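Engineer: Have a peek at query.txt (compact mmCIF, C-alpha atoms).
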```txt
# COMPACT_ATOMS: atom_id res chain seq x y z
CA MET A 39 73.00 -14.20 -135.01
CA LYS A 40 76.47 -15.02 -136.26
CA ARG A 41 75.03 -17.24 -139.01
CA ALA A 42 72.70 -14.43 -140.12
CA ALA A 43 75.66 -12.04 -140.34
CA GLN A 44 77.59 -14.62 -142.38
CA VAL A 45 74.68 -15.02 -144.81
CA VAL A 46 74.24 -11.26 -145.14
CA GLY A 47 77.98 -10.86 -145.67
CA VAL A 48 78.05 -13.40 -148.48
CA LEU A 49 74.93 -11.92 -150.10
CA PHE A 50 76.41 -8.41 -150.04
CA LEU A 51 79.68 -9.67 -151.53
CA VAL A 52 77.83 -11.51 -154.30
CA ALA A 53 75.63 -8.47 -155.01
CA GLY A 54 78.64 -6.16 -155.10
CA ILE A 55 80.59 -8.41 -157.44
CA ALA A 56 77.53 -9.02 -159.64
CA GLY A 57 77.27 -5.26 -160.12
CA PHE A 58 80.64 -5.28 -161.86
CA ILE A 59 79.62 -8.01 -164.34
CA PRO A 60 78.17 -6.30 -167.44
CA ALA A 61 76.11 -9.35 -168.48
CA LEU A 62 74.22 -9.18 -165.16
CA CYS A 63 73.68 -5.42 -165.38
CA PRO A 64 71.90 -4.42 -168.55
CA ASP A 65 71.38 -0.64 -168.55
CA GLY A 66 73.27 -0.31 -165.24
CA LYS A 67 70.74 -2.38 -163.30
CA VAL A 68 71.54 -5.69 -161.61
CA PHE A 69 69.22 -8.28 -163.16
CA GLY A 70 67.59 -5.34 -164.95
CA ILE A 71 66.00 -4.20 -161.64
CA PHE A 72 68.36 -2.56 -159.12
CA ALA A 73 70.34 0.52 -160.15
CA VAL A 74 74.05 0.17 -159.50
CA ASP A 75 77.30 1.90 -160.25
CA ALA A 76 80.89 1.43 -159.10
CA MET A 77 80.30 3.29 -155.81
CA HIS A 78 77.14 1.31 -155.03
CA ASN A 79 78.95 -1.96 -155.77
CA ALA A 80 81.91 -0.96 -153.60
CA VAL A 81 79.57 -0.15 -150.69
CA HIS A 82 77.97 -3.60 -150.99
CA ILE A 83 81.37 -5.30 -151.02
CA ILE A 84 82.58 -3.30 -148.01
CA SER A 85 79.30 -4.02 -146.16
CA GLY A 86 79.78 -7.72 -146.89
CA ILE A 87 83.38 -7.74 -145.65
CA ILE A 88 82.36 -5.96 -142.44
CA ALA A 89 79.45 -8.40 -141.91
CA LEU A 90 81.75 -11.40 -142.33
CA ALA A 91 84.40 -9.92 -140.05
CA MET A 92 81.83 -9.22 -137.33
CA ALA A 93 80.21 -12.63 -137.83
CA PHE A 94 83.40 -14.32 -136.73
CA GLY A 95 83.41 -12.47 -133.42
CA GLU A 96 81.03 -12.96 -130.52
CA GLU A 97 77.24 -13.07 -130.86
CA ALA A 98 77.17 -9.52 -129.49
CA THR A 99 79.51 -8.39 -132.27
CA ALA A 100 77.20 -9.82 -134.94
CA ARG A 101 74.24 -8.14 -133.21
CA THR A 102 76.16 -4.85 -133.26
CA TYR A 103 76.58 -5.21 -137.03
CA PHE A 104 72.82 -5.45 -137.45
CA ARG A 105 72.21 -2.50 -135.12
CA ILE A 106 74.65 -0.23 -136.95
CA PHE A 107 73.72 -1.31 -140.46
CA GLY A 108 70.01 -1.29 -139.62
CA VAL A 109 70.29 2.40 -138.76
CA VAL A 110 72.49 3.06 -141.81
CA TYR A 111 70.07 1.34 -144.17
CA ALA A 112 67.13 3.18 -142.59
CA LEU A 113 68.88 6.49 -143.31
CA VAL A 114 69.80 5.38 -146.85
CA THR A 115 66.16 4.39 -147.40
CA ILE A 116 64.91 7.80 -146.31
CA LEU A 117 67.47 9.57 -148.50
CA GLY A 118 66.61 7.28 -151.41
CA PHE A 119 62.90 8.05 -151.20
CA MET A 120 63.74 11.76 -150.98
CA ALA A 121 65.94 11.48 -154.10
CA GLY A 122 63.05 10.09 -156.16
CA ARG A 123 62.63 7.27 -158.64
CA ASP A 124 66.03 7.42 -160.34
CA GLY A 125 68.19 9.56 -158.11
CA GLN A 126 71.60 9.66 -156.54
CA VAL A 127 72.32 9.16 -152.84
CA MET A 128 75.82 9.97 -151.60
CA GLY A 129 77.19 9.42 -155.11
CA MET A 130 75.39 6.12 -155.64
CA ALA A 131 72.76 5.39 -158.27
CA MET A 132 69.41 4.49 -156.71
CA ASN A 133 65.98 3.67 -158.03
CA MET A 134 62.67 2.73 -156.45
CA ALA A 135 63.56 -0.99 -156.39
CA ASP A 136 66.73 -0.12 -154.43
CA ASN A 137 64.70 1.99 -152.01
CA VAL A 138 62.26 -0.84 -151.32
CA LEU A 139 65.08 -3.37 -150.92
CA HIS A 140 66.94 -1.02 -148.56
CA LEU A 141 63.74 -0.62 -146.53
CA VAL A 142 63.48 -4.43 -146.24
CA PHE A 143 67.15 -4.57 -145.13
CA ALA A 144 66.60 -1.80 -142.58
CA VAL A 145 63.56 -3.48 -141.02
CA ALA A 146 65.21 -6.92 -140.95
CA PHE A 147 68.53 -5.61 -139.59
CA LEU A 148 66.88 -3.47 -136.92
CA TYR A 149 64.81 -6.46 -135.84
CA LEU A 150 67.88 -8.70 -135.68
CA GLY A 151 69.89 -6.04 -133.88
CA PHE A 152 67.34 -4.79 -131.38
CA GLY A 153 64.29 -7.05 -131.32
CA TRP A 154 65.19 -10.68 -131.85
CA HIS A 155 66.39 -12.66 -128.86
CA ARG A 156 67.21 -16.32 -129.05
CA ALA A 157 65.92 -18.36 -126.14
CA LEU A 158 68.80 -19.49 -123.97
CA PRO A 159 69.08 -23.17 -123.11
CA PRO A 160 68.22 -24.10 -119.52
CA SER A 161 71.03 -23.91 -116.99
CA ARG A 162 72.86 -27.18 -116.35
CA GLY A 163 74.21 -26.10 -112.98
CA PRO A 164 73.06 -27.45 -109.61
CA ALA A 165 69.38 -26.98 -108.90
CA ALA A 166 68.56 -24.01 -106.72
CA ALA A 167 67.40 -24.93 -103.25
```
Taking this structure as input, can you express it in the form of structure tokens?

Structural biologist:
Amino acid sequence: MKRAAQVVGVLFLVAGIAGFIPALCPDGKVFGIFAVDAMHNAVHIISGIIALAMAFGEEATARTYFRIFGVVYALVTILGFMAGRDGQVMGMAMNMADNVLHLVFAVAFLYLGFGWHRALPPSRGPAAA
């Protein structure tokens, strides 16, 4: 769980920084696909910092990240689909590619936060009588 939060944190940081590099954002779209603006990039960077901070806590802390951000991304997805193809959500540029990606994040994060459980290793204590 902690490793997943670390990976997500790094990916969000990279995505947020990439959004500020004009060569990677022709027409205000990262890689020509995902609509971004300064607010959208800032949210990705903040999400990445929070993911990394929570990844260095306990497993339960990393799981909490996925629970909270799974719900947040589910709400952002709903708002994004309501805003339409090239809309604004809470001051952030969004397009259909963003909405689909946010839906993927929401499903994955909710699964990691609420559904996925790693099998625990067998107990090494004395055998029960």

Engineer: Can you pull out every residue within 10 Å of Gly151 of chain A, counting only C-alpha atoms, but drop anything in the same chain fewer than 4 positions away, and send it as a list in words?

Structural biologist: Met39, Ala98, Ala100, Arg101, Thr102, Tyr103, Phe104, Arg105, Ile106, Phe107, Gly108, Val109, Val145, Ala146, Phe147 and His155 of chain A

Engineer: Measure the distance from atom CA of Met128 of chain A to atom CA of Ala76 of chain A in Å and round it to one decimal.

Structural biologist: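 So the answer is 12.4 Å.
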
Engineer: Grab the atom CA of Val46 of chain A to atom CA of Gly125 of chain A distance for me, in Å with one decimal place.

Structural biologist: 25.3 Å

Engineer: Of the candidates A:Ile59, A:Leu150, A:Leu139, A:Val127, which shows the shortest atom-to-atom distance to Ala42 of chain A, using all atoms listed in the file?

Structural biologist: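 Residue with the minimum atom-to-atom distance to Ala42 of chain A: A:Leu150.
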
Engineer: List the neighbours of Phe69 of chain A out to 12 Å using all atoms listed in the file; skip same-chain residues closer than 3 positions along the sequence, and give me the result as a list of chain:residue names.

Structural biologist: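 With the cut-off at 12 Å, the set is A:Ala53, A:Ala56, A:Gly57, A:Phe58, A:Ile59, A:Pro60, A:Ala61, A:Leu62, A:Cys63, A:Pro64, A:Asp65, A:Gly66, A:Phe72, A:Ala73, A:Val74, A:Ala135.
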
Engineer: Using only C-alpha atoms, pick whichever of A:Leu51, A:Leu113, A:Val142, A:Ala131 has the shortest atom-to-atom distance to Ile88 of chain A.

Structural biologist: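 Of the candidates, the smallest distance to Ile88 of chain A is held by A:Leu51.
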
Engineer: With distances taken over all atoms listed in the file, which residue among A:Phe152, A:Met132, A:Ala144, A:Phe50 lies nearest Val110 of chain A?

Structural biologist: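 That would be A:Ala144, the residue with the smallest distance to Val110 of chain A.
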
Engineer: Given the choices A:Met77, A:Ala91, A:Leu148, A:Ile55, which gets closest to Gln126 of chain A if the distance is worked out from all atoms listed in the file?

Structural biologist: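 Selected residue with least distance to Gln126 of chain A: A:Met77.
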
Engineer: What is the distance, in Å and to one decimal place, between atom CA of Asp136 of chain A and atom CA of Phe94 of chain A?

Structural biologist: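 Spanning atom CA of Asp136 of chain A to atom CA of Phe94 of chain A is a straight-line distance of 28.2 Å.
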
Engineer: Find the spatial neighbours of Phe119 of chain A, counting only C-alpha atoms, within a cut-off of 9 Å - ignore same-chain residues fewer than 6 positions away - and output them as a count of residues only.

Structural biologist: 5
